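Peer 1: First the structure, then my questions, so here it is.
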Amino acid sequence: MADITTNTPQDAVASPLQAARAKQAAADAMQALHREEEWMRVAKYLPDIDTSSSKELETAGDVLRARRFPEEALEFYLAAYRHGANKEQVLNKLGVTELILHHPDRARAYFRLTLKQDKKNSDAWNNLGATEYVDGRYPASVSDYRRALKLNPASSVFHSNLGTALIGEKDFSRARKEFAAALELDPEFGTRSSDGGISAHVLSAEDRARFCLEMARIFATKGKIDAMLHSLVLAADGGMNLSDAIYDDPILGKYSKDSRVVTIISNAKAMKKTSMASTAALAPLPAETN
């Protein structure tokens with residue numbers, strides 16, 4: 001369970017020396033960050049963290065999270081919480097920010113606190129599902145996403161996330177149905193990035209190529225050829241073997257002789273050969289010496 005006052009998990013275990021070193025490393029990193037030009041532009045507009053209203057503090061947290069300053073966003077969200085902001089909403093934002101920082105245990109604690117406030121908060125269920133997905137707990141992730149969808153069946157993000165979790169379970173058939181549902185609800189789905197809201201939309205690196213391939217398949221069935229080609233390029237960039245994937249697929253196989261698809265496959269093979277040659281050319285590491 002997260003301590004909302006200090007933002008430190010109460011069950012964290014570390015030696016005093018380890019904790020001191022970690023704290024110093026974080027402080028050094030923060031100082032370096034605050035010397036950057038982007039931070040200087042943002043910092044001068046931030047409200048006073050001790051005297052500003054909860055609305056001002058929460059808005060500052062939103063801006064900092066959008067500008068890729070998640071550690072600072074946490075401070076302002078916590079201050080907003082202390083100043084009387086909507087607990088359910090701020091807890092959810094704290095969880096999303098911790099997820100951005102790759103702290104799934106803390107994120108999970110905040111989402112559970114959110115659901116303790118309101119069991120029907122669809123965003124919190126979705127975000128809890130995202131946390132379980134990050135941890136590789138795909139069955140739990142699928143269950144949480146289904147609860148989110150039961151509360152809000154019109155969310156393209158929720159359908160997409162469920163499809164992503166089903167990819168984790170290697171259930172590609174059901175995953176396609178969820179991606180198709182997301183695309184039906186939002187025609188721009190799959191062609192633009194997440195809106196950065198409080199509904200987490202995650203995808204692991206190893207599943208990204210498969211996701212892009214499945215999207216290419218769906219775009220092909222809908223006749224959206226440009227979007228299909230774009231998704232195939234992304235799948236190739238992610239390491240997908242397009243030759244086998246396309247030729248063996250009853251839908252994508254129809255485009256196997258399309259000059260644009262042939263070019264994408266050829267470029268992918270060339271890039272793979274170049275990458276392998278570069279790796280082989282690396283000098284071996286020197287032997288360890290006593």
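Going by the structure tokens order, chains are called A, B, ..., each with residues numbered from 1, while ligands are numbered from 1 in the order shown.
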Please provide the set of residues having any atom within 9 Å of Ser54 of chain A, restricted to only C-alpha atoms, with same-chain residues fewer than 4 positions apart removed, written as a list in words.
Peer 2: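 In the requested form, the answer reads Glu58, Thr59, Tyr77, Ala79, Ala80, Tyr81, Arg82, His83, Gly84, Ala85 and Asn86 of chain A.
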Peer 1: Please identify all polymer residues within 10 Å of Asp118 of chain A, counting only C-alpha atoms, omitting same-chain residues fewer than 6 positions from it, and present them as a PyMOL selection string.
Peer 2: chain A and resi 88+112+124
Peer 1: Would you compute the distance between atom CA of Lys254 of chain A and atom CA of Asp237 of chain A? Give it in Å to one decimal.
Peer 2: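 Atom CA of Lys254 of chain A sits 21.7 Å away from atom CA of Asp237 of chain A.
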Peer 1: Using only C-alpha atoms, which residue out of A:Thr131, A:Asn126, A:Ser173, A:Thr51 lies closest to Asn152 of chain A?
Peer 2: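 Comparing A:Thr131, A:Asn126, A:Ser173, A:Thr51 against Asn152 of chain A, the winner is A:Asn126.
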Peer 1: I need the residue nearest Tyr138 of chain A from this list: A:Ala175, A:Leu185, A:Ala165, A:Ala268. Use only C-alpha atoms for the distance.
Peer 2: A:Ala165
Peer 1: Based on the backbone DSSP call, show me all residues of segment 100-163 of chain A assigned helix (DSSP H, G or I), as number ranges by chain.
Peer 2: A: 100, 104-117, 122-134, 138-151, 156-163
Peer 1: Please list as a PyMOL selection string every residue within 7 Å of Trp125 of chain A, counting only C-alpha atoms and excluding residues in the same chain fewer than 2 positions away.
Peer 2: chain A and resi 121-123+127-129+144-145+147-148
Peer 1: Rounded to one decimal place, report the atom CA of Met228 of chain A-atom CA of Val261 of chain A distance in Å.
Peer 2: 9.7 Å
Peer 1: With only C-alpha atoms as the atoms that count, which of A:Lys87, A:Lys150, A:Lys93, A:His102 lies nearest to Leu64 of chain A?
Peer 2: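 Answer, going by the shortest atom-to-atom distance: A:Lys93.
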Peer 1: Could you state the separation of atom CA of Leu252 of chain A and atom CA of Phe219 of chain A in Å, given to one decimal place?
Peer 2: 9.8 Å
Peer 1: If you count only C-alpha atoms, which residues fall within 9 Å of Ile264 of chain A, apart from same-chain ones fewer than 4 positions away, as a PDB file with C-alpha atoms, in the first residue's frame?
Peer 2:
ATOM      1  CA  LEU A 229       1.413  -0.267 -45.359  1.00  0.00           C
ATOM      2  CA  LEU A 232       3.632  -3.206 -41.899  1.00  0.00           C
ATOM      3  CA  VAL A 233       6.607  -0.837 -41.805  1.00  0.00           C
ATOM      4  CA  ALA A 236       9.138  -4.716 -39.654  1.00  0.00           C
ATOM      5  CA  LEU A 242       7.124 -10.130 -42.649  1.00  0.00           C
ATOM      6  CA  SER A 259       5.231  -3.644 -55.249  1.00  0.00           C
ATOM      7  CA  ARG A 260       4.911  -1.530 -52.118  1.00  0.00           C
ATOM      8  CA  ALA A 268      13.293  -5.122 -43.726  1.00  0.00           C
ATOM      9  CA  LYS A 269      15.573  -7.958 -44.871  1.00  0.00           C
TER      10      LYS A 269
END
